[in-house]
Every structure is written in C-alpha cells, then in structure tokens.
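target.cif, holding mmCIF, C-alpha atoms:
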```cif
data_input
loop_
_atom_site.label_atom_id
_atom_site.label_comp_id
_atom_site.auth_asym_id
_atom_site.auth_seq_id
_atom_site.Cartn_x
_atom_site.Cartn_y
_atom_site.Cartn_z
CA MET N 1 14.78 3.42 5.57
CA ALA N 2 15.94 1.95 2.31
CA SER N 3 13.89 3.40 -0.48
CA VAL N 4 12.38 0.88 -2.88
CA ALA N 5 11.53 2.34 -6.28
CA SER N 6 8.14 1.55 -7.71
CA SER N 7 8.50 -0.63 -10.84
CA ASN N 8 6.42 0.00 -13.93
CA PHE N 9 6.39 -3.20 -15.92
CA LEU N 10 4.41 -1.83 -18.82
CA THR N 11 6.91 0.94 -19.40
CA GLN N 12 10.10 -1.09 -19.02
CA ALA N 13 9.76 -2.69 -22.43
CA ARG N 14 8.88 0.67 -23.98
CA LEU N 15 11.86 2.33 -22.30
CA SER N 16 14.24 -0.45 -23.36
CA SER N 17 12.99 -0.31 -26.95
CA THR N 18 13.20 3.48 -27.04
CA ILE N 19 16.76 3.59 -25.72
CA HIS N 20 17.80 0.75 -28.05
CA GLY N 21 16.45 2.65 -31.03
CA LEU N 22 18.07 5.89 -29.91
CA ASN N 23 21.31 4.03 -29.33
CA ARG N 24 21.39 2.73 -32.90
CA ALA N 25 20.47 6.13 -34.28
CA LEU N 26 23.16 7.90 -32.28
CA TRP N 27 26.00 5.38 -32.59
CA GLY N 28 25.49 4.01 -36.07
CA SER N 29 27.93 1.41 -37.38
CA VAL N 30 31.49 1.09 -36.06
CA PRO N 31 34.47 0.93 -38.47
CA GLN N 32 36.46 -2.26 -38.19
CA ARG N 33 39.87 -0.52 -37.97
CA PRO N 34 39.45 3.19 -37.14
CA SER N 35 42.48 5.48 -37.38
CA ALA N 36 43.98 7.14 -34.29
CA GLN N 37 42.30 10.43 -35.22
CA ALA N 38 38.99 8.66 -35.73
CA ARG N 39 39.34 6.96 -32.35
CA ARG N 40 39.95 10.32 -30.61
CA GLU N 41 36.95 11.90 -32.33
CA ARG N 42 34.84 8.89 -31.54
CA SER N 43 35.87 9.02 -27.85
CA ILE N 44 34.66 12.62 -27.57
CA SER N 45 31.49 11.74 -29.46
CA MET N 46 30.84 8.80 -27.12
CA LEU N 47 30.76 11.10 -24.08
CA THR N 48 28.29 13.44 -25.76
CA ARG N 49 26.03 10.65 -26.96
CA THR N 50 26.12 8.85 -23.62
CA SER N 51 25.03 12.06 -21.89
CA ILE N 52 22.13 12.36 -24.33
CA LEU N 53 21.02 8.78 -23.70
CA LEU N 54 21.21 9.15 -19.92
CA GLY N 55 19.23 12.37 -20.08
CA LEU N 56 16.54 10.75 -22.20
CA ALA N 57 16.37 7.75 -19.86
CA VAL N 58 15.89 10.04 -16.85
CA CYS N 59 13.11 11.91 -18.64
CA VAL N 60 11.30 8.70 -19.58
CA CYS N 61 11.63 7.32 -16.03
CA ALA N 62 10.31 10.58 -14.59
CA TRP N 63 7.33 10.34 -16.92
CA THR N 64 6.81 6.73 -15.83
CA ASN N 65 6.69 7.62 -12.12
CA SER N 66 4.45 10.66 -12.56
CA ALA N 67 2.04 8.78 -14.81
CA THR N 68 1.07 6.46 -11.96
CA ALA N 69 1.78 8.64 -8.91
CA GLN N 70 -0.03 7.03 -6.00
CA ALA N 71 -0.96 7.61 -2.37
CA TRP N 72 -2.48 5.57 0.44
CA ASP N 73 -6.20 6.34 0.62
CA HIS N 74 -8.21 4.34 3.18
CA VAL N 75 -9.13 1.18 5.05
CA HIS N 76 -12.77 0.09 4.83
CA LEU N 77 -14.43 -1.90 7.64
CA THR N 78 -17.71 -3.81 7.55
CA VAL N 79 -19.95 -3.26 10.59
CA SER N 80 -23.60 -3.70 11.56
CA ASP N 81 -24.03 -0.03 12.53
CA THR N 82 -21.86 2.37 10.53
CA GLU N 83 -22.73 5.52 12.48
CA ALA N 84 -22.08 3.87 15.85
CA ALA N 85 -18.77 2.44 14.62
CA ALA N 86 -17.59 5.84 13.39
CA VAL N 87 -18.44 7.45 16.73
CA TRP N 88 -16.76 4.60 18.66
CA TYR N 89 -13.47 4.84 16.76
CA ALA N 90 -13.41 8.64 16.84
CA LYS N 91 -14.06 8.63 20.60
CA HIS N 92 -11.31 6.18 21.49
CA PHE N 93 -8.62 7.16 19.00
CA GLY N 94 -9.01 10.91 18.60
CA GLY N 95 -10.56 10.88 15.14
CA LYS N 96 -12.93 13.25 13.38
CA VAL N 97 -16.27 11.83 12.19
CA THR N 98 -17.06 12.70 8.59
CA LYS N 99 -18.75 11.43 5.44
CA SER N 100 -16.93 9.95 2.46
CA GLY N 101 -19.51 9.80 -0.29
CA PRO N 102 -22.35 7.69 1.12
CA PHE N 103 -20.17 6.16 3.84
CA ASP N 104 -19.76 7.11 7.48
CA ALA N 105 -16.05 7.65 8.04
CA VAL N 106 -13.40 8.94 10.43
CA TRP N 107 -10.25 10.93 9.77
CA PHE N 108 -7.23 10.09 11.92
CA GLY N 109 -4.89 12.86 10.82
CA THR N 110 -4.29 12.08 7.14
CA ASN N 111 -5.61 8.51 7.41
CA LEU N 112 -9.20 7.73 6.48
CA MET N 113 -11.29 4.85 7.84
CA LYS N 114 -14.62 4.11 6.15
CA PHE N 115 -17.52 1.92 7.28
CA ARG N 116 -19.99 -0.10 5.24
CA GLY N 117 -23.05 -1.97 6.44
CA GLY N 118 -22.72 -5.74 6.64
CA ARG N 119 -24.95 -8.18 4.81
CA GLY N 120 -25.19 -11.77 5.97
CA GLU N 121 -22.53 -13.37 8.14
CA ILE N 122 -19.40 -11.24 8.52
CA LEU N 123 -16.40 -12.87 10.15
CA GLY N 124 -13.76 -10.99 12.11
CA SER N 125 -10.37 -10.00 10.74
CA ASP N 126 -8.38 -12.47 12.87
CA GLY N 127 -7.38 -15.44 10.73
CA SER N 128 -7.61 -13.54 7.45
CA ILE N 129 -4.85 -11.99 5.37
CA THR N 130 -5.76 -8.57 6.83
CA ASP N 131 -5.15 -9.76 10.37
CA HIS N 132 -5.56 -6.46 12.20
CA ILE N 133 -5.35 -2.68 12.26
CA ALA N 134 -3.29 -0.78 14.84
CA PHE N 135 -3.19 2.49 16.77
CA SER N 136 -0.23 4.03 18.56
CA VAL N 137 -1.13 5.48 21.97
CA GLU N 138 0.84 6.76 24.95
CA ASP N 139 -0.97 4.66 27.57
CA VAL N 140 -1.44 1.17 26.14
CA GLU N 141 -2.86 -0.37 29.32
CA GLY N 142 -5.22 2.52 29.95
CA LYS N 143 -6.52 2.40 26.38
CA ALA N 144 -7.01 -1.37 26.56
CA ALA N 145 -9.08 -0.93 29.73
CA ALA N 146 -11.18 1.84 28.13
CA LEU N 147 -11.93 -0.31 25.08
CA GLY N 148 -12.90 -3.23 27.31
CA GLU N 149 -15.38 -1.03 29.14
CA ASP N 150 -16.96 0.04 25.86
CA GLY N 151 -17.82 -3.24 24.17
CA ALA N 152 -14.44 -4.52 22.96
CA GLU N 153 -13.05 -7.94 23.80
CA VAL N 154 -9.64 -7.53 25.43
CA PRO N 155 -7.63 -10.69 26.17
CA ALA N 156 -5.15 -10.78 29.03
CA ALA N 157 -1.76 -9.17 28.45
CA ASN N 158 1.11 -11.33 27.25
CA ARG N 159 3.76 -10.87 29.93
CA ARG N 160 6.45 -12.23 27.62
CA LYS N 161 5.75 -9.45 25.12
CA PRO N 162 5.11 -6.24 27.06
CA GLY N 163 4.43 -2.89 25.41
CA PHE N 164 1.41 -3.76 23.33
CA ARG N 165 -2.08 -5.20 23.69
CA TYR N 166 -4.77 -6.61 21.43
CA ALA N 167 -8.49 -5.96 21.42
CA THR N 168 -11.40 -6.84 19.15
CA ASP N 169 -13.88 -4.06 18.42
CA PRO N 170 -17.64 -4.68 18.87
CA TRP N 171 -17.92 -5.59 15.15
CA GLY N 172 -15.10 -8.13 14.91
CA THR N 173 -12.01 -6.23 13.79
CA LYS N 174 -8.83 -7.01 15.70
CA ILE N 175 -6.94 -3.94 16.96
CA GLU N 176 -3.35 -3.75 18.12
CA LEU N 177 -2.41 -1.08 20.66
CA LEU N 178 1.24 -0.08 20.71
CA ASP N 179 3.35 2.80 21.93
CA ASP N 180 5.35 4.24 19.03
CA GLU N 181 6.35 7.76 20.01
CA ASP N 182 7.49 8.43 16.42
CA LEU N 183 4.00 7.89 14.98
CA ARG N 184 0.81 8.44 16.98
CA GLY N 185 -2.74 7.65 15.96
CA PHE N 186 -3.61 5.24 13.15
CA HIS N 187 -0.42 3.24 12.80
CA HIS N 188 -0.63 0.23 10.49
CA VAL N 189 -2.55 -2.55 8.81
CA LEU N 190 -0.95 -5.98 9.21
CA LEU N 191 -1.10 -8.61 6.48
CA LYS N 192 -0.32 -12.28 7.06
CA SER N 193 1.45 -14.06 4.19
CA THR N 194 3.14 -17.39 3.53
CA ARG N 195 5.48 -15.46 1.20
CA PRO N 196 6.19 -12.14 2.95
CA ARG N 197 9.10 -11.09 0.74
CA ALA N 198 7.10 -11.62 -2.45
CA THR N 199 4.16 -9.78 -0.87
CA VAL N 200 6.31 -6.75 -0.05
CA GLU N 201 7.76 -6.74 -3.57
CA TRP N 202 4.27 -6.83 -5.09
CA TYR N 203 2.95 -3.94 -2.99
CA THR N 204 6.00 -1.74 -3.55
CA SER N 205 5.99 -2.45 -7.29
CA VAL N 206 2.32 -1.45 -7.61
CA PHE N 207 1.82 1.10 -4.82
CA GLY N 208 5.33 2.39 -4.14
CA GLY N 209 6.21 3.15 -0.53
CA GLU N 210 9.39 2.77 1.51
CA ALA N 211 10.19 -0.82 2.52
CA ALA N 212 12.29 -1.66 5.58
CA LYS N 213 12.26 -3.50 8.88
CA PHE N 214 10.27 -1.80 11.64
CA LYS N 215 12.50 -0.83 14.57
CA ASP N 216 13.60 -4.05 16.34
CA ALA N 217 10.64 -6.17 15.15
CA ILE N 218 12.61 -8.88 13.34
CA SER N 219 9.53 -10.73 12.09
CA ILE N 220 7.90 -7.64 10.56
CA ASN N 221 8.41 -6.37 7.01
CA ALA N 222 7.18 -2.78 6.90
CA ILE N 223 6.22 -0.47 4.04
CA ARG N 224 5.74 3.20 4.88
CA TYR N 225 2.90 5.05 3.14
CA GLY N 226 2.74 8.64 4.34
CA ASP N 227 1.57 8.63 7.97
CA MET N 228 0.96 4.88 8.26
CA TYR N 229 2.58 1.51 7.65
CA LEU N 230 1.62 -1.67 5.90
CA PHE N 231 3.12 -4.53 7.93
CA VAL N 232 3.66 -7.97 6.42
CA GLN N 233 4.25 -10.93 8.73
CA LYS N 234 5.01 -14.51 7.79
CA SER N 235 2.25 -17.07 8.30
CA LEU N 236 3.10 -20.76 8.53
CA ARG N 237 -0.25 -21.74 7.04
CA PRO N 238 -2.51 -20.31 4.30
CA VAL N 239 -4.83 -17.52 5.46
CA ALA N 240 -8.32 -16.58 4.31
CA SER N 241 -8.97 -13.74 1.87
CA THR N 242 -10.79 -10.55 2.88
CA LYS N 243 -14.10 -11.85 1.47
CA ASN N 244 -16.85 -11.67 4.12
CA ARG N 245 -14.37 -10.35 6.69
CA SER N 246 -14.70 -7.26 8.86
CA VAL N 247 -11.71 -5.58 7.18
CA ASP N 248 -13.37 -5.43 3.78
CA HIS N 249 -10.67 -3.74 1.71
CA LEU N 250 -7.77 -1.31 1.47
CA GLY N 251 -7.61 1.62 -0.93
CA TRP N 252 -4.97 3.55 -2.89
CA GLN N 253 -5.52 6.58 -5.12
CA PHE N 254 -3.80 7.42 -8.39
CA LYS N 255 -3.43 10.64 -10.36
CA ASP N 256 -3.38 8.80 -13.69
CA PHE N 257 -6.18 6.28 -13.33
CA ASP N 258 -5.93 4.98 -16.90
CA ALA N 259 -2.20 4.31 -16.52
CA ILE N 260 -2.56 2.21 -13.36
CA ILE N 261 -5.47 0.24 -14.82
CA LYS N 262 -3.40 -0.52 -17.93
CA LYS N 263 -0.48 -1.56 -15.73
CA LEU N 264 -2.62 -3.88 -13.58
CA LYS N 265 -4.22 -5.44 -16.67
CA GLY N 266 -0.75 -6.05 -18.08
CA LEU N 267 0.31 -7.76 -14.86
CA GLY N 268 -2.69 -10.09 -15.07
CA VAL N 269 -4.17 -8.86 -11.78
CA LYS N 270 -7.68 -10.12 -11.03
CA PHE N 271 -10.38 -7.41 -11.26
CA ILE N 272 -13.30 -7.92 -8.87
CA VAL N 273 -15.06 -4.79 -10.18
CA GLU N 274 -14.08 -3.33 -13.55
CA PRO N 275 -13.31 0.40 -13.81
CA ASN N 276 -16.44 2.53 -13.53
CA LYS N 277 -17.60 6.02 -12.61
CA SER N 278 -18.47 6.68 -8.97
CA GLY N 279 -19.58 10.24 -8.32
CA ASP N 280 -16.88 12.57 -9.64
CA HIS N 281 -14.13 9.96 -9.96
CA MET N 282 -13.28 6.59 -11.46
CA MET N 283 -12.76 3.48 -9.33
CA ALA N 284 -12.16 -0.26 -9.61
CA PHE N 285 -11.60 -3.21 -7.29
CA ILE N 286 -8.82 -5.75 -7.64
CA GLU N 287 -7.64 -8.75 -5.65
CA SER N 288 -3.99 -8.93 -4.66
CA PRO N 289 -1.96 -12.14 -4.66
CA GLY N 290 -3.02 -13.72 -1.37
CA GLY N 291 -6.56 -12.35 -1.47
CA VAL N 292 -6.66 -8.72 -0.30
CA LYS N 293 -9.51 -6.76 -1.87
CA ILE N 294 -8.11 -3.38 -2.95
CA GLU N 295 -9.91 -0.32 -4.26
CA ILE N 296 -8.16 1.71 -6.96
CA VAL N 297 -9.40 5.29 -6.70
CA GLU N 298 -8.87 8.14 -9.15
CA ASP N 299 -7.36 11.16 -7.40
CA VAL N 300 -9.33 14.17 -8.66
CA ARG N 301 -8.04 16.67 -6.09
#
```
Would it be possible to restate this file's structure as structure tokens?
Amino acid sequence: MASVASSNFLTQARLSSTIHGLNRALWGSVPQRPSAQARRERSISMLTRTSILLGLAVCVCAWTNSATAQAWDHVHLTVSDTEAAAVWYAKHFGGKVTKSGPFDAVWFGTNLMKFRGGRGEILGSDGSITDHIAFSVEDVEGKAAALGEDGAEVPAANRRKPGFRYATDPWGTKIELLDDEDLRGFHHVLLKSTRPRATVEWYTSVFGGEAAKFKDAISINAIRYGDMYLFVQKSLRPVASTKNRSVDHLGWQFKDFDAIIKKLKGLGVKFIVEPNKSGDHMMAFIESPGGVKIEIVEDVR
C-alpha cells in the first residue's frame, strides 16, 4: 500500500519559518562577484550547511509526528439493551465481552466495540454517512444464516455480487459479511461520501493511516488503521450525519492530547463536546466534514 504521511498544518508554518530563519543565519549575504577561491570555499560550505538544514528539518518533522501520534480506538453503537448487544456480537463474531469505563463492550482482537443505551428514536446506520460495519468470516453464507436465526434481518443474496452478504443487527446497525483471508474478525467501517477523495485526505491528514485501494474493489477507497480499515465509498446524493443513528461515533486516541486539540482548533473543526476530563483521561467530541461524530481520546497507557 502507498503510505500517506499525516500532515500537521499547525507545524508547517512553524517549520517553514524555522528553516527560513536558519537558512538566513547559515548562508548570510552572497557577494556579487566572488573570486574563484571564494567560490570553491563557498561550494564546500554549501554542502555542510545543507546537511545541517536537512538534519534540522528531519528532527522537527519527527517531533511533529510524535507530538500527535495516533491510533484507532473504537466504534460506538447505540442499542436498547447494551448487555444483550455485547453478548450477541461476541457470540457471533468471536469477541470477548468486557467493560470500557461505564460501557458494555467487546474486544475483537485489537478492535474495541462499545455500546451505549439509546434515548428516543434511534435510526439505523443504513442511509447515514457511517453506512455499515463489517466482519470477515470464512463461511459467509453460514454466518448469514446464523444471524438470521438470532434476530437479524438478512436480505436475499445478490447473485451478481457473490462472496459477501448484508445483515441488520437487532438494533439497526447494518453489517457486511465478507471473506478476506488476509484479515479475519472486525474488518472495516464504511463511510459514504459525495467527495470520497477529499474525505480520505481529511482522515489521513488528521488520523494518519495507510491509504490505498482495497484489493480489486474499484469503488472503494481504503485507509488501514492497525487491524481494521476505514472504507470510503462515493455516494451520488448527500447522506445523513451520525446524529440519532445506531452507529453513534468513531474514536481515535492520541498520545499528545493538547497537540491534537490545538491542531483541530487551527483547522476550524467543529467541536460537539469541548475537551474535558473523563476518568483518568481527557476526551472531546468533534464532527468531521460530512457529519461523522468522532471521539478524541487521550492515550494514557
């Protein structure tokens, strides 16, 4: 996969200014008509000074990346019965039921799914920007049948597109079942967007990840985050935000919480919940372009 470096817009200006200042300090003024000896000395000096500048630039860039080092954290679903939902997902997809703070949750390898109780009318994920979640299983048809026997809605298979099935869990979240032998278990979250390229650029600039096409899926833009993907697919019409939807939000964690908050503020990102203390860590909620609710979590591990 082609690696896409995470941009840090707040630091770019600082880096440019720093290098510009260092450049002036190192190079100084240039004589109008230097002698041959002066030109030879200056040529040697140029190599030395260029090496210094490059070294300083690498150091500053390394500081930039480490200051906002990030990792995928979780997907959070809204359900009417959090304990039942955790047991249901763990049973069908090989997860481990746990607690994450006050929330019932399930670990699927390194991927965490949390559940919150719903208040008022909660619509399903289908038709929203967070269209569905997905699991990779060996027996797609067998898993679809098992889900159908345990409260999920499972539409008929699409014969024109074999190899995967869709289901809707008992609480309204759409699930894709696919057979990807390279990545089993929790596989991806799919976003719908009228501007998929811009969406991918925004997520990689803020959350890093490796962006590429996924196998032979021409219509899918994929970003790899650890042991899962974020898929982005083009929508021909505007889609609803995650507000009052069964996929409530996505979450990423950051080592330097203050740095990412400063960066997001500088980018003009909308804050749904301002930074605040939650237990032993800081957190905040933002809304992405397009309307995905995202939790920013301080990594205190």
Protein and nucleic acid residues near (3.8, -0.6, -3.5) (cut-off 10 Å, all atoms listed in the file) as an mmCIF file with C-alpha atoms, in the coordinates of the input:
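Final file, out31.cif:
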```
data_model
loop_
_atom_site.group_PDB
_atom_site.id
_atom_site.type_symbol
_atom_site.label_atom_id
_atom_site.label_comp_id
_atom_site.auth_asym_id
_atom_site.auth_seq_id
_atom_site.Cartn_x
_atom_site.Cartn_y
_atom_site.Cartn_z
ATOM 1 C CA VAL N 4 12.380 0.880 -2.880
ATOM 2 C CA ALA N 5 11.530 2.340 -6.280
ATOM 3 C CA SER N 6 8.140 1.550 -7.710
ATOM 4 C CA SER N 7 8.500 -0.630 -10.840
ATOM 5 C CA GLN N 70 -0.030 7.030 -6.000
ATOM 6 C CA ALA N 71 -0.960 7.610 -2.370
ATOM 7 C CA TRP N 72 -2.480 5.570 0.440
ATOM 8 C CA THR N 199 4.160 -9.780 -0.870
ATOM 9 C CA VAL N 200 6.310 -6.750 -0.050
ATOM 10 C CA GLU N 201 7.760 -6.740 -3.570
ATOM 11 C CA TRP N 202 4.270 -6.830 -5.090
ATOM 12 C CA TYR N 203 2.950 -3.940 -2.990
ATOM 13 C CA THR N 204 6.000 -1.740 -3.550
ATOM 14 C CA SER N 205 5.990 -2.450 -7.290
ATOM 15 C CA VAL N 206 2.320 -1.450 -7.610
ATOM 16 C CA PHE N 207 1.820 1.100 -4.820
ATOM 17 C CA GLY N 208 5.330 2.390 -4.140
ATOM 18 C CA GLY N 209 6.210 3.150 -0.530
ATOM 19 C CA GLU N 210 9.390 2.770 1.510
ATOM 20 C CA ALA N 211 10.190 -0.820 2.520
ATOM 21 C CA ILE N 223 6.220 -0.470 4.040
ATOM 22 C CA ARG N 224 5.740 3.200 4.880
ATOM 23 C CA TYR N 225 2.900 5.050 3.140
ATOM 24 C CA LEU N 230 1.620 -1.670 5.900
ATOM 25 C CA TRP N 252 -4.970 3.550 -2.890
#
```
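Evaluated against this file, the PyMOL selection byres ((chain N and resi 276) around 12) yields Phe257, Asp258, Ile261, Phe271, Ile272, Val273, Glu274, Pro275, Lys277, Ser278, Gly279, Asp280, His281, Met282, Met283, Ala284, Phe285, Glu295, Ile296, Val297 and Glu298 of chain N.
One finds atom CA of Val292 of chain N at 19.8 Å from atom CA of Gly120 of chain N.
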Test item: the PyMOL selection byres ((chain N and resi 245) around 10) resolved as a PyMOL selection string: chain N and resi 77-79+118+121-131+172-173+240-244+246-249
Surrounding residues of segment 133-149 of chain N excluding itself and chain neighbours under 5 positions, 7 Å, all atoms listed in the file, as a list in words: Val154, Phe164, Arg165, Lys174, Ile175, Glu176, Leu177, Leu178, Asp179, Asp180, Leu183, Arg184, Gly185, Phe186, His187, His188, Val189 and Leu190 of chain N
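In this model, the gap between atom CA of Leu267 of chain N and atom CA of Lys293 of chain N comes to 16.3 Å.
Interatomic distance, atom CA of Val75 of chain N against atom CA of Arg116 of chain N: 10.9 Å.
In terms of minimum interatomic distance to Lys96 of chain N, N:Gly109 ranks closest within N:Gly109, N:Gly151, N:Gly251, N:Gly226, counting all atoms listed in the file.
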Selection result for the PyMOL selection byres ((chain N and resi 232-234) around 8) on this file, as a list in words: Leu190, Leu191, Lys192, Ser193, Thr194, Arg195, Pro196, Thr199, Val200, Ser219, Ile220, Asn221, Ala222, Leu230, Phe231, Ser235 and Leu236 of chain N
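Between Asp169 of chain N and the candidates N:Ala156, N:Ala84, N:Ala217, N:Val106, the tightest atom-to-atom separation, counting all atoms listed in the file, involves N:Ala84.
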Step by step, gather every atom of segment 106-119 of chain N that the file lists, find the box along x, y and z that holds them, add 3 Å on each side, and finally give centre and edge lengths in Å to one decimal, as AutoDock Vina command-line options.
```
--center_x -14.6 --center_y 2.3 --center_z 8.4 --size_x 26.7 --size_y 27.0 --size_z 13.1
```
Expected residue set, 8 Å radius at (-9.3, 6.4, 17.5), all atoms listed in the file, as an MDAnalysis selection string: chainID N and resid 88:95 108 135 185:186
Preceding selection exported with C-alpha atoms as a short mmCIF file (atom, residue, chain, number, x, y, z; two decimals), in the coordinates of the input:
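Listed below is the output, part14.cif:
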```cif
data_model
loop_
_atom_site.label_atom_id
_atom_site.label_comp_id
_atom_site.auth_asym_id
_atom_site.auth_seq_id
_atom_site.Cartn_x
_atom_site.Cartn_y
_atom_site.Cartn_z
CA TRP N 88 -16.76 4.60 18.66
CA TYR N 89 -13.47 4.84 16.76
CA ALA N 90 -13.41 8.64 16.84
CA LYS N 91 -14.06 8.63 20.60
CA HIS N 92 -11.31 6.18 21.49
CA PHE N 93 -8.62 7.16 19.00
CA GLY N 94 -9.01 10.91 18.60
CA GLY N 95 -10.56 10.88 15.14
CA PHE N 108 -7.23 10.09 11.92
CA PHE N 135 -3.19 2.49 16.77
CA GLY N 185 -2.74 7.65 15.96
CA PHE N 186 -3.61 5.24 13.15
#
```
Would you mind putting back all heavy atoms on segment 223-232 of chain N, then writing it out as a PDB file, keeping the file's coordinate frame?
```pdb
ATOM      1  N   ILE N 223       6.216  -1.406   5.166  1.00  0.00           N
ATOM      2  CA  ILE N 223       6.220  -0.470   4.040  1.00  0.00           C
ATOM      3  C   ILE N 223       5.570   0.809   4.531  1.00  0.00           C
ATOM      4  O   ILE N 223       4.443   0.785   5.030  1.00  0.00           O
ATOM      5  CB  ILE N 223       5.436  -1.008   2.830  1.00  0.00           C
ATOM      6  CG1 ILE N 223       5.876  -2.433   2.468  1.00  0.00           C
ATOM      7  CG2 ILE N 223       5.621  -0.080   1.630  1.00  0.00           C
ATOM      8  CD1 ILE N 223       5.019  -3.077   1.395  1.00  0.00           C
ATOM      9  N   ARG N 224       6.267   1.923   4.406  1.00  0.00           N
ATOM     10  CA  ARG N 224       5.740   3.200   4.880  1.00  0.00           C
ATOM     11  C   ARG N 224       4.977   3.900   3.763  1.00  0.00           C
ATOM     12  O   ARG N 224       5.487   4.094   2.667  1.00  0.00           O
ATOM     13  CB  ARG N 224       6.884   4.096   5.375  1.00  0.00           C
ATOM     14  CG  ARG N 224       6.446   5.451   5.953  1.00  0.00           C
ATOM     15  CD  ARG N 224       5.766   5.298   7.298  1.00  0.00           C
ATOM     16  NE  ARG N 224       5.382   6.591   7.858  1.00  0.00           N
ATOM     17  CZ  ARG N 224       6.058   7.223   8.830  1.00  0.00           C
ATOM     18  NH1 ARG N 224       7.160   6.681   9.330  1.00  0.00           N
ATOM     19  NH2 ARG N 224       5.645   8.375   9.298  1.00  0.00           N
ATOM     20  N   TYR N 225       3.725   4.259   4.057  1.00  0.00           N
ATOM     21  CA  TYR N 225       2.900   5.050   3.140  1.00  0.00           C
ATOM     22  C   TYR N 225       2.442   6.297   3.878  1.00  0.00           C
ATOM     23  O   TYR N 225       1.483   6.252   4.660  1.00  0.00           O
ATOM     24  CB  TYR N 225       1.675   4.251   2.676  1.00  0.00           C
ATOM     25  CG  TYR N 225       1.996   3.078   1.781  1.00  0.00           C
ATOM     26  CD1 TYR N 225       1.915   1.776   2.262  1.00  0.00           C
ATOM     27  CD2 TYR N 225       2.387   3.274   0.459  1.00  0.00           C
ATOM     28  CE1 TYR N 225       2.209   0.692   1.442  1.00  0.00           C
ATOM     29  CE2 TYR N 225       2.692   2.198  -0.364  1.00  0.00           C
ATOM     30  CZ  TYR N 225       2.597   0.915   0.131  1.00  0.00           C
ATOM     31  OH  TYR N 225       2.896  -0.161  -0.680  1.00  0.00           O
ATOM     32  N   GLY N 226       3.132   7.406   3.675  1.00  0.00           N
ATOM     33  CA  GLY N 226       2.740   8.640   4.340  1.00  0.00           C
ATOM     34  C   GLY N 226       2.793   8.503   5.846  1.00  0.00           C
ATOM     35  O   GLY N 226       3.837   8.192   6.425  1.00  0.00           O
ATOM     36  N   ASP N 227       1.637   8.683   6.513  1.00  0.00           N
ATOM     37  CA  ASP N 227       1.570   8.630   7.970  1.00  0.00           C
ATOM     38  C   ASP N 227       1.037   7.293   8.481  1.00  0.00           C
ATOM     39  O   ASP N 227       0.343   7.237   9.498  1.00  0.00           O
ATOM     40  CB  ASP N 227       0.679   9.766   8.493  1.00  0.00           C
ATOM     41  CG  ASP N 227       1.285  11.129   8.215  1.00  0.00           C
ATOM     42  OD1 ASP N 227       2.528  11.236   8.215  1.00  0.00           O
ATOM     43  OD2 ASP N 227       0.522  12.080   7.982  1.00  0.00           O
ATOM     44  N   MET N 228       1.338   6.213   7.785  1.00  0.00           N
ATOM     45  CA  MET N 228       0.960   4.880   8.260  1.00  0.00           C
ATOM     46  C   MET N 228       1.882   3.847   7.643  1.00  0.00           C
ATOM     47  O   MET N 228       2.661   4.151   6.740  1.00  0.00           O
ATOM     48  CB  MET N 228      -0.509   4.569   7.929  1.00  0.00           C
ATOM     49  CG  MET N 228      -0.862   4.524   6.461  1.00  0.00           C
ATOM     50  SD  MET N 228      -0.521   2.939   5.620  1.00  0.00           S
ATOM     51  CE  MET N 228      -1.713   1.852   6.391  1.00  0.00           C
ATOM     52  N   TYR N 229       1.796   2.626   8.173  1.00  0.00           N
ATOM     53  CA  TYR N 229       2.580   1.510   7.650  1.00  0.00           C
ATOM     54  C   TYR N 229       1.663   0.399   7.162  1.00  0.00           C
ATOM     55  O   TYR N 229       0.547   0.225   7.663  1.00  0.00           O
ATOM     56  CB  TYR N 229       3.456   0.898   8.745  1.00  0.00           C
ATOM     57  CG  TYR N 229       4.613   1.727   9.231  1.00  0.00           C
ATOM     58  CD1 TYR N 229       4.487   2.488  10.395  1.00  0.00           C
ATOM     59  CD2 TYR N 229       5.834   1.723   8.568  1.00  0.00           C
ATOM     60  CE1 TYR N 229       5.558   3.231  10.877  1.00  0.00           C
ATOM     61  CE2 TYR N 229       6.911   2.464   9.041  1.00  0.00           C
ATOM     62  CZ  TYR N 229       6.762   3.216  10.195  1.00  0.00           C
ATOM     63  OH  TYR N 229       7.817   3.945  10.670  1.00  0.00           O
ATOM     64  N   LEU N 230       2.182  -0.368   6.224  1.00  0.00           N
ATOM     65  CA  LEU N 230       1.620  -1.670   5.900  1.00  0.00           C
ATOM     66  C   LEU N 230       2.640  -2.677   6.408  1.00  0.00           C
ATOM     67  O   LEU N 230       3.786  -2.682   5.963  1.00  0.00           O
ATOM     68  CB  LEU N 230       1.416  -1.823   4.391  1.00  0.00           C
ATOM     69  CG  LEU N 230       0.714  -3.108   3.939  1.00  0.00           C
ATOM     70  CD1 LEU N 230      -0.751  -3.109   4.385  1.00  0.00           C
ATOM     71  CD2 LEU N 230       0.792  -3.274   2.424  1.00  0.00           C
ATOM     72  N   PHE N 231       2.246  -3.494   7.389  1.00  0.00           N
ATOM     73  CA  PHE N 231       3.120  -4.530   7.930  1.00  0.00           C
ATOM     74  C   PHE N 231       2.804  -5.852   7.243  1.00  0.00           C
ATOM     75  O   PHE N 231       1.638  -6.161   6.977  1.00  0.00           O
ATOM     76  CB  PHE N 231       2.905  -4.704   9.437  1.00  0.00           C
ATOM     77  CG  PHE N 231       3.559  -3.652  10.293  1.00  0.00           C
ATOM     78  CD1 PHE N 231       4.259  -2.594   9.747  1.00  0.00           C
ATOM     79  CD2 PHE N 231       3.466  -3.735  11.683  1.00  0.00           C
ATOM     80  CE1 PHE N 231       4.858  -1.634  10.546  1.00  0.00           C
ATOM     81  CE2 PHE N 231       4.065  -2.785  12.498  1.00  0.00           C
ATOM     82  CZ  PHE N 231       4.762  -1.729  11.929  1.00  0.00           C
ATOM     83  N   VAL N 232       3.835  -6.635   6.988  1.00  0.00           N
ATOM     84  CA  VAL N 232       3.660  -7.970   6.420  1.00  0.00           C
ATOM     85  C   VAL N 232       4.399  -8.956   7.318  1.00  0.00           C
ATOM     86  O   VAL N 232       5.597  -8.807   7.559  1.00  0.00           O
ATOM     87  CB  VAL N 232       4.191  -8.067   4.981  1.00  0.00           C
ATOM     88  CG1 VAL N 232       3.946  -9.470   4.425  1.00  0.00           C
ATOM     89  CG2 VAL N 232       3.533  -7.019   4.091  1.00  0.00           C
TER      90      VAL N 232
END
```
